[in-house]
$ cat work.cif   # mmCIF, C-alpha atoms
data_model
#
loop_
_atom_site.label_atom_id
_atom_site.label_comp_id
_atom_site.auth_asym_id
_atom_site.auth_seq_id
_atom_site.Cartn_x
_atom_site.Cartn_y
_atom_site.Cartn_z
CA MET A 1 120.05 91.83 109.49
CA LEU A 2 117.58 93.55 107.48
CA PRO A 3 115.52 92.20 104.75
CA LEU A 4 117.03 88.89 104.38
CA LEU A 5 115.89 88.75 100.86
CA GLY A 6 115.79 85.07 100.87
CA ALA A 7 119.39 84.98 101.88
CA LEU A 8 118.49 83.88 105.36
CA SER A 9 121.07 85.58 107.44
CA LEU A 10 121.77 87.32 110.71
CA PRO A 11 123.65 90.49 111.52
CA LEU A 12 127.19 90.08 112.65
CA GLY A 13 129.27 92.03 115.08
CA ALA A 14 126.28 93.45 116.92
CA PRO A 15 126.52 93.22 120.69
CA ALA A 16 123.35 92.03 122.41
CA LEU A 17 121.20 94.90 123.63
CA PRO A 18 119.98 94.79 127.22
CA LEU A 19 116.48 93.31 127.52
CA ASP A 20 114.76 96.58 128.39
CA GLU A 21 116.12 98.26 125.27
CA ALA A 22 115.79 95.26 122.96
CA GLY A 23 112.20 94.75 124.11
CA LYS A 24 111.16 98.07 122.57
CA TYR A 25 112.47 97.08 119.16
CA VAL A 26 111.00 93.58 119.26
CA ALA A 27 107.64 94.93 120.37
CA GLY A 28 107.87 97.59 117.66
CA ALA A 29 108.46 95.02 114.91
CA TYR A 30 105.57 92.80 115.98
CA VAL A 31 103.24 95.77 116.53
CA VAL A 32 104.03 97.13 113.06
CA PHE A 33 103.13 93.74 111.62
CA LEU A 34 99.85 93.64 113.56
CA ILE A 35 98.98 97.22 112.57
CA LEU A 36 99.52 96.39 108.90
CA LEU A 37 97.30 93.34 109.30
CA VAL A 38 94.56 95.31 111.05
CA VAL A 39 94.69 98.10 108.45
CA TYR A 40 94.38 95.55 105.66
CA VAL A 41 91.45 93.81 107.35
CA ALA A 42 89.76 97.20 107.92
CA ILE A 43 90.14 98.08 104.22
CA MET A 44 88.71 94.69 103.26
CA ALA A 45 85.80 95.20 105.67
CA THR A 46 85.03 98.58 104.04
CA LYS A 47 85.09 96.97 100.60
CA LEU A 48 82.75 94.19 101.72
CA GLN A 49 80.37 96.72 103.27
CA ARG A 50 80.24 98.59 99.96
CA ILE A 51 79.52 95.38 98.06
CA GLU A 52 76.81 94.47 100.55
CA ARG A 53 75.22 97.92 100.18
CA GLU A 54 75.29 97.68 96.39
CA LEU A 55 73.78 94.22 96.50
CA ARG A 56 71.00 95.45 98.75
CA GLU A 57 70.35 98.33 96.40
CA LEU A 58 70.24 96.01 93.37
CA ALA A 59 67.98 93.57 95.19
CA GLY A 60 65.62 96.46 95.99
CA PHE A 61 65.65 97.52 92.36
CA VAL A 62 64.86 94.00 91.15
CA GLU A 63 62.05 93.78 93.66
CA HIS A 64 60.55 97.05 92.42
CA ARG A 65 60.90 95.95 88.82
CA ALA A 66 59.22 92.62 89.60
CA ASN A 67 56.34 94.50 91.23
CA GLY A 68 55.93 96.55 88.07
CA ASP A 69 56.88 99.74 89.88
CA GLN A 70 58.28 102.08 87.20
CA ALA A 71 59.38 104.87 89.52
CA THR A 72 62.23 103.19 91.34
CA PRO A 73 63.38 105.26 94.33
CA GLU A 74 67.01 104.10 94.38
CA ARG A 75 68.43 107.15 96.10
CA GLU A 76 66.13 106.63 99.06
CA GLU A 77 67.22 103.00 99.38
CA VAL A 78 70.86 104.02 99.51
CA GLY A 79 70.14 106.61 102.17
CA ALA A 80 68.39 104.00 104.24
CA ASP A 81 71.61 101.97 104.44
CA VAL A 82 73.44 104.65 106.38
CA MET B 1 83.76 80.21 94.24
CA TYR B 2 86.90 81.73 95.77
CA GLY B 3 85.39 81.83 99.25
CA LYS B 4 85.16 78.07 99.54
CA GLY B 5 87.08 76.80 102.57
CA LEU B 6 87.89 80.32 103.73
CA LYS B 7 86.52 79.85 107.24
CA PRO B 8 88.61 76.78 108.20
CA LEU B 9 91.62 78.35 106.52
CA SER B 10 91.19 81.54 108.57
CA ILE B 11 90.87 79.54 111.79
CA ALA B 12 93.98 77.51 110.91
CA THR B 13 95.89 80.72 110.19
CA VAL B 14 94.97 82.36 113.48
CA ALA B 15 95.85 79.15 115.38
CA ALA B 16 99.16 78.81 113.53
CA LEU B 17 100.09 82.44 114.23
CA ALA B 18 99.20 82.05 117.92
CA VAL B 19 101.24 78.85 118.25
CA SER B 20 104.24 80.17 116.35
CA PHE B 21 104.38 83.48 118.25
CA SER B 22 104.09 81.52 121.52
CA LEU B 23 107.05 79.41 120.41
CA VAL B 24 109.00 82.58 119.60
CA PHE B 25 108.59 84.07 123.06
CA PHE B 26 108.29 81.02 125.34
CA TYR B 27 110.21 78.21 123.63
CA ALA B 28 112.98 79.46 121.37
CA PRO B 29 116.21 80.17 123.29
CA LEU B 30 117.83 83.58 123.30
CA ASP B 31 120.48 84.04 120.65
CA ALA B 32 123.97 84.14 122.12
CA ASP B 33 125.12 87.13 120.03
CA GLN B 34 121.95 89.11 119.45
CA GLY B 35 120.02 88.41 122.60
CA PHE B 36 116.31 89.29 122.66
CA VAL B 37 116.45 91.40 119.47
CA GLN B 38 116.93 88.21 117.45
CA LYS B 39 113.22 87.44 118.06
CA ILE B 40 112.52 89.76 115.11
CA PHE B 41 114.16 87.11 112.92
CA TYR B 42 111.12 84.81 113.35
CA LEU B 43 108.84 87.45 111.86
CA HIS B 44 111.06 89.23 109.39
CA VAL B 45 112.58 86.22 107.65
CA PRO B 46 109.33 84.26 107.03
CA LEU B 47 107.72 87.47 105.73
CA SER B 48 110.63 87.92 103.31
CA ILE B 49 110.52 84.34 102.05
CA VAL B 50 106.75 84.34 101.60
CA ALA B 51 106.78 87.74 99.87
CA LEU B 52 109.43 86.61 97.40
CA LEU B 53 107.72 83.28 96.74
CA GLY B 54 104.48 85.22 96.23
CA PHE B 55 106.14 87.33 93.54
CA ILE B 56 107.32 84.15 91.82
CA ALA B 57 103.82 82.63 92.17
CA GLY B 58 102.45 85.78 90.51
CA GLY B 59 104.78 85.10 87.57
CA VAL B 60 103.70 81.46 87.34
CA PHE B 61 100.00 82.44 87.34
CA ALA B 62 100.81 85.03 84.67
CA ILE B 63 102.34 82.31 82.48
CA LEU B 64 99.16 80.27 82.90
CA HIS B 65 97.13 83.34 81.92
CA LEU B 66 99.19 83.98 78.81
CA ARG B 67 98.95 80.33 77.79
CA SER B 68 95.24 79.89 78.39
CA GLY B 69 93.82 83.41 78.11
CA ASP B 70 91.71 82.61 81.18
CA SER B 71 91.18 85.82 83.17
CA ARG B 72 91.01 83.79 86.37
CA TRP B 73 94.79 83.31 86.23
CA ASP B 74 95.26 87.03 85.73
CA ALA B 75 93.26 87.61 88.92
CA TYR B 76 95.44 85.09 90.76
CA SER B 77 98.58 86.77 89.44
CA TYR B 78 97.39 90.27 90.37
CA VAL B 79 96.31 89.28 93.88
CA SER B 80 99.52 87.30 94.52
CA ILE B 81 101.62 90.32 93.58
CA HIS B 82 99.36 92.68 95.52
CA MET B 83 99.63 90.60 98.67
CA SER B 84 103.39 90.20 98.30
CA VAL B 85 103.80 93.96 97.98
CA ILE B 86 101.92 94.36 101.27
CA PHE B 87 104.14 91.70 102.84
CA GLY B 88 107.09 93.56 101.35
CA VAL B 89 106.10 96.68 103.29
CA ALA B 90 106.13 94.57 106.47
CA VAL B 91 109.54 93.13 105.52
CA LEU B 92 111.03 96.59 105.05
CA ALA B 93 109.47 97.91 108.26
CA THR B 94 110.50 94.98 110.48
CA GLY B 95 113.92 94.86 108.82
CA SER B 96 114.53 98.55 109.47
CA ILE B 97 113.59 98.13 113.11
CA TRP B 98 115.96 95.19 113.41
CA ALA B 99 118.72 97.11 111.62
CA LYS B 100 118.31 100.04 114.00
CA ALA B 101 118.49 97.73 117.00
CA SER B 102 121.50 95.80 115.68
CA TRP B 103 123.50 98.29 113.68
CA GLY B 104 122.22 101.59 114.99
CA HIS B 105 120.97 102.61 111.52
CA TRP B 106 117.52 102.30 109.96
CA TRP B 107 119.05 101.54 106.58
CA VAL B 108 122.48 100.61 105.22
CA TRP B 109 122.89 101.46 101.55
CA ASP B 110 126.03 99.39 100.90
CA GLU B 111 124.43 96.16 102.06
CA PRO B 112 123.43 94.08 98.98
CA THR B 113 120.71 92.13 100.78
CA LEU B 114 118.81 95.24 101.79
CA VAL B 115 119.21 97.13 98.57
CA SER B 116 118.31 94.15 96.39
CA PHE B 117 115.08 93.62 98.32
CA LEU B 118 114.27 97.31 97.97
CA ILE B 119 114.87 97.05 94.20
CA VAL B 120 112.50 94.09 93.95
CA PHE B 121 109.91 95.90 96.05
CA LEU B 122 110.11 99.11 94.02
CA MET B 123 109.96 97.14 90.78
CA TYR B 124 106.68 95.56 91.89
CA ALA B 125 105.41 98.92 93.13
CA THR B 126 105.44 100.01 89.47
CA TYR B 127 103.13 97.12 88.61
CA TYR B 128 100.03 99.11 89.65
CA PRO B 129 100.53 102.28 87.58
CA PHE B 130 101.74 100.13 84.69
CA ARG B 131 98.64 97.95 84.83
CA TYR B 132 96.09 100.70 85.33
CA ALA B 133 97.62 102.97 82.70
CA ILE B 134 96.07 100.63 80.12
CA GLU B 135 92.35 101.06 79.69
CA ASP B 136 91.47 98.08 77.54
CA ARG B 137 90.87 95.19 79.97
CA GLU B 138 92.31 92.46 77.75
CA ARG B 139 95.45 94.38 76.89
CA GLN B 140 95.80 95.40 80.51
CA ALA B 141 95.71 91.76 81.65
CA ARG B 142 98.09 90.63 78.92
CA TYR B 143 100.68 93.36 79.50
CA ALA B 144 100.46 92.91 83.27
CA SER B 145 101.10 89.18 82.81
CA VAL B 146 104.17 89.88 80.69
CA PHE B 147 105.42 92.21 83.43
CA ALA B 148 104.69 89.59 86.11
CA VAL B 149 106.59 86.89 84.20
CA ALA B 150 109.64 89.10 83.62
CA ALA B 151 109.67 90.41 87.18
CA GLY B 152 109.02 86.95 88.61
CA ALA B 153 112.06 85.62 86.73
CA PHE B 154 114.14 88.49 88.10
CA VAL B 155 113.41 87.54 91.73
CA PRO B 156 115.41 84.25 91.87
CA LEU B 157 118.17 85.80 89.73
CA ASN B 158 118.37 88.65 92.19
CA PHE B 159 118.45 86.17 95.06
CA MET B 160 121.33 84.27 93.51
CA ALA B 161 123.25 87.47 92.83
CA VAL B 162 122.94 88.45 96.48
CA ARG B 163 124.06 84.99 97.59
CA LEU B 164 127.14 85.32 95.42
CA ALA B 165 127.90 88.80 96.71
CA GLU B 166 130.48 89.27 99.42
CA SER B 167 128.77 90.72 102.43
CA LEU B 168 130.52 91.62 105.64
CA VAL B 169 127.44 91.83 107.78
CA HIS B 170 125.23 89.02 106.50
CA PRO B 171 126.53 85.53 107.28
CA ARG B 172 124.26 82.86 105.85
CA VAL B 173 122.28 81.18 108.58
CA PHE B 174 121.02 78.34 106.41
CA ALA B 175 124.18 77.96 104.40
CA THR B 176 126.14 74.73 104.54
CA THR B 177 129.03 76.44 106.25
CA GLY B 178 129.35 79.33 108.62
CA GLY B 179 125.81 79.23 109.91
CA GLY B 180 123.12 76.89 111.14
CA LEU B 181 120.25 77.11 113.59
CA PRO B 182 119.93 74.96 116.71
CA GLY B 183 116.94 72.60 116.83
CA GLU B 184 114.58 74.75 118.93
CA MET B 185 115.26 77.81 116.83
CA MET B 186 114.79 75.87 113.61
CA LEU B 187 111.47 74.41 114.82
CA THR B 188 110.24 77.86 115.83
CA PHE B 189 111.37 79.31 112.53
CA LEU B 190 109.57 76.59 110.54
CA ALA B 191 106.39 77.13 112.60
CA CYS B 192 106.56 80.86 111.87
CA LEU B 193 107.21 80.23 108.19
CA THR B 194 104.16 77.95 108.02
CA ALA B 195 101.99 80.49 109.85
CA VAL B 196 103.05 83.39 107.62
CA ALA B 197 102.56 81.27 104.48
CA LEU B 198 99.07 80.37 105.71
CA LEU B 199 98.38 84.04 106.34
CA TRP B 200 99.42 84.88 102.79
CA VAL B 201 97.16 82.17 101.32
CA THR B 202 94.23 83.26 103.51
CA LEU B 203 94.56 86.93 102.58
CA VAL B 204 94.90 86.04 98.90
CA LYS B 205 91.68 84.05 99.14
CA PHE B 206 89.96 86.94 100.95
CA GLU B 207 91.06 89.37 98.27
CA LEU B 208 89.98 87.05 95.44
CA THR B 209 86.60 86.50 97.09
CA ALA B 210 86.04 90.24 97.48
CA LYS B 211 87.12 90.91 93.88
CA SER B 212 84.88 88.16 92.59
CA ALA B 213 81.88 89.49 94.55
CA SER B 214 82.58 93.03 93.36
CA GLY B 215 82.82 91.84 89.75
CA GLN B 216 79.54 89.97 90.02
CA VAL B 217 77.82 93.05 91.45
CA LYS B 218 79.14 95.13 88.54
CA ARG B 219 77.91 92.57 86.01
CA LEU B 220 74.52 92.46 87.71
CA ARG B 221 74.36 96.25 87.69
CA ARG B 222 75.17 96.36 83.96
CA ALA B 223 72.53 93.72 83.27
CA LEU B 224 69.94 95.68 85.22
CA ASP B 225 70.96 98.94 83.62
CA ALA B 226 70.11 97.55 80.22
CA PRO B 227 66.64 98.79 79.20
CA ALA B 228 63.96 96.34 80.23
CA PRO B 229 61.45 95.09 77.64
CA GLY B 230 58.87 97.47 79.09
CA GLY B 231 61.23 100.43 78.65
CA SER B 232 62.25 100.76 82.31
CA SER B 233 65.88 101.55 83.13
CA ARG B 234 67.76 102.36 86.29
CA VAL B 235 68.19 106.04 86.89
CA ALA B 236 71.03 106.23 89.43
CA PRO B 237 73.44 103.41 88.65
CA GLU B 238 76.55 104.39 90.60
CA VAL B 239 76.45 104.71 94.35
CA GLY B 240 79.16 106.45 96.33
#
$ encode --input "work.cif" --output "structure tokens"
Amino acid sequence: MLPLLGALSLPLGAPALPLDEAGKYVAGAYVVFLILLVVYVAIMATKLQRIERELRELAGFVEHRANGDQATPEREEVGADV
Amino acid sequence: MYGKGLKPLSIATVAALAVSFSLVFFYAPLDADQGFVQKIFYLHVPLSIVALLGFIAGGVFAILHLRSGDSRWDAYSYVSIHMSVIFGVAVLATGSIWAKASWGHWWVWDEPTLVSFLIVFLMYATYYPFRYAIEDRERQARYASVFAVAAGAFVPLNFMAVRLAESLVHPRVFATTGGGLPGEMMLTFLACLTAVALLWVTLVKFELTAKSASGQVKRLRRALDAPAPGGSSRVAPEVG
């Protein structure tokens, strides 16, 4: 059955595959799902790192402004994050 | 705001996935016809149901946005659709693997269930270019909500059309006749459905939290970019 599209169903007329062959497909389906999940989490982690870096940069800027420092070295702060 | 309760929800999701996958492989009996390949059912079917319900949820949030004008609902609608599209990719991938194992083909074009899901998926894939083609934020949100409502209404209609269609290869497992799952299989299926639904909710919350944080950083940046009373202004606003 493929995408059951809500129409919860199973394929008919398909003889059961032997375990060694069926195992590959079952493992493949679950691994694909896990890979998608990991890729998504990795993308989210990258986004959060960027937000964190920007926040750090803004915090540094506010600190400089509060100290009355007019020449704010933002570029250097960004470089320091790497 | 969106991140509240995220930690316990994440823990519950991981636990639910672990329990449900354990049930799949150590508790649920082998299907008499399909054998071991039927184990894909416990992943593929819950993903499909949750993806489709997510599309409908996106439409409901869009209605709330159009009624109230509150951009929070637009964010909910966008993230619901976004997450369901990702789940849709998993549905198509796991379904193709199952089709190859069962039918010997990655895809069968004359099967209404498959093609109708693909149509729904492709329809929602157009949501992104449609949304981002509009520059004005308010119009963008409003038009995207109209799209989400129309598309969300199409999902159950599409489902019903497929149910009414005559299909030679898709007997209805949860229909009143000609199907039915034994108790252990049903329990395992419901556990998997719960786990996948929890995963969807958790990822939606993650996405909303990240978007909210990103939006706040942008607002803060704009506020700081505004010339200060003393005449100071930021020189290098955008990073990366």
$ atom_distance --input "work.cif" --atom1 "CA of Ile81 (chain B)" --atom2 "CA of Leu157 (chain B)"
17.6 Å
$ atom_distance --input "work.cif" --atom1 "CA of Ser20 (chain B)" --atom2 "CA of Ala195 (chain B)"
6.9 Å
$ residues_around --input "work.cif" --residues "Val26 (chain A)" --least-positions-apart "6" --cutoff "7 Å" --atoms "all atoms listed in the file" --output "compact mmCIF listing (two decimals) with C-alpha atoms, keeping the file's coordinate frame"
# COMPACT_ATOMS: atom_id res chain seq x y z
CA VAL B 37 116.45 91.40 119.47
CA LYS B 39 113.22 87.44 118.06
CA ILE B 40 112.52 89.76 115.11
$ resolve_selection --input "work.cif" --expression "the PyMOL selection byres ((chain A and resi 52) around 12)" --output "number ranges by chain"
A: 45-51, 53-59, 78, 81; B: 210, 213-214, 216-217, 239
$ write_last_selection --input "work.cif" --atoms "C-alpha atoms" --output "JSON list (two decimals), in the frame of the given file"
[["chain", "number", "residue", "atom", "x", "y", "z"],
["A", 45, "ALA", "CA", 85.80, 95.20, 105.67],
["A", 46, "THR", "CA", 85.03, 98.58, 104.04],
["A", 47, "LYS", "CA", 85.09, 96.97, 100.60],
["A", 48, "LEU", "CA", 82.75, 94.19, 101.72],
["A", 49, "GLN", "CA", 80.37, 96.72, 103.27],
["A", 50, "ARG", "CA", 80.24, 98.59, 99.96],
["A", 51, "ILE", "CA", 79.52, 95.38, 98.06],
["A", 53, "ARG", "CA", 75.22, 97.92, 100.18],
["A", 54, "GLU", "CA", 75.29, 97.68, 96.39],
["A", 55, "LEU", "CA", 73.78, 94.22, 96.50],
["A", 56, "ARG", "CA", 71.00, 95.45, 98.75],
["A", 57, "GLU", "CA", 70.35, 98.33, 96.40],
["A", 58, "LEU", "CA", 70.24, 96.01, 93.37],
["A", 59, "ALA", "CA", 67.98, 93.57, 95.19],
["A", 78, "VAL", "CA", 70.86, 104.02, 99.51],
["A", 81, "ASP", "CA", 71.61, 101.97, 104.44],
["B", 210, "ALA", "CA", 86.04, 90.24, 97.48],
["B", 213, "ALA", "CA", 81.88, 89.49, 94.55],
["B", 214, "SER", "CA", 82.58, 93.03, 93.36],
["B", 216, "GLN", "CA", 79.54, 89.97, 90.02],
["B", 217, "VAL", "CA", 77.82, 93.05, 91.45],
["B", 239, "VAL", "CA", 76.45, 104.71, 94.35]]
$ resolve_selection --input "work.cif" --expression "the PyMOL selection byres ((chain B and resi 61-72) around 9)" --output "JSON, numbers by chain"
{"B": [56, 57, 58, 59, 60, 73, 74, 75, 76, 77, 78, 80, 138, 141, 142, 144, 145, 146, 147, 148, 149]}
$ residues_near_point --input "work.cif" --point "(66.2, 95.5, 91.0)" --cutoff "10 Å" --atoms "only C-alpha atoms" --output "list in words"
Leu55, Arg56, Glu57, Leu58, Ala59, Gly60, Phe61, Val62, Glu63, His64, Arg65, Ala66, Asn67, Thr72 and Glu74 of chain A; Leu220, Arg221, Leu224, Asp225, Ser233 and Arg234 of chain B
$ atom_distance --input "work.cif" --atom1 "CA of Asp136 (chain B)" --atom2 "CA of His82 (chain B)"
20.4 Å
$ closest_residue --input "work.cif" --among "B:Met185, B:Met160, B:Cys192, B:Ile86" --to "Val39 (chain A)" --atoms "only C-alpha atoms"
B:Ile86
$ residues_around --input "work.cif" --residues "Phe36 (chain B)" --least-positions-apart "4" --cutoff "12 Å" --atoms "only C-alpha atoms" --output "ChimeraX atom specification"
/A:15-27 /B:24-26,28-32,40-42,98,101-102
$ closest_residue --input "work.cif" --among "B:Ile134, B:Val196, B:Leu6, B:Phe87" --to "Leu36 (chain A)" --atoms "all atoms listed in the file"
B:Phe87
$ residues_around --input "work.cif" --residues "Leu52 (chain B)" --least-positions-apart "4" --cutoff "9 Å" --atoms "all atoms listed in the file" --output "list of chain:residue names"
A:Leu5, A:Gly6, B:Leu47, B:Ser48, B:Ile56, B:Ala57, B:Ser84, B:Gly88, B:Val120, B:Gly152, B:Val155, B:Pro156
$ residues_around --input "work.cif" --residues "Ala16 (chain B)" --least-positions-apart "4" --cutoff "10 Å" --atoms "all atoms listed in the file" --output "compact mmCIF listing (two decimals) with C-alpha atoms, in the frame of the given file"
# COMPACT_ATOMS: atom_id res chain seq x y z
CA SER B 10 91.19 81.54 108.57
CA ILE B 11 90.87 79.54 111.79
CA ALA B 12 93.98 77.51 110.91
CA SER B 20 104.24 80.17 116.35
CA PHE B 21 104.38 83.48 118.25
CA SER B 22 104.09 81.52 121.52
CA ALA B 191 106.39 77.13 112.60
CA CYS B 192 106.56 80.86 111.87
CA LEU B 193 107.21 80.23 108.19
CA THR B 194 104.16 77.95 108.02
CA ALA B 195 101.99 80.49 109.85
CA VAL B 196 103.05 83.39 107.62
CA ALA B 197 102.56 81.27 104.48
CA LEU B 198 99.07 80.37 105.71
CA LEU B 199 98.38 84.04 106.34
$ closest_residue --input "work.cif" --among "B:Trp109, B:Ala18, B:Phe206, B:Asn158" --to "Met44 (chain A)" --atoms "all atoms listed in the file"
B:Phe206
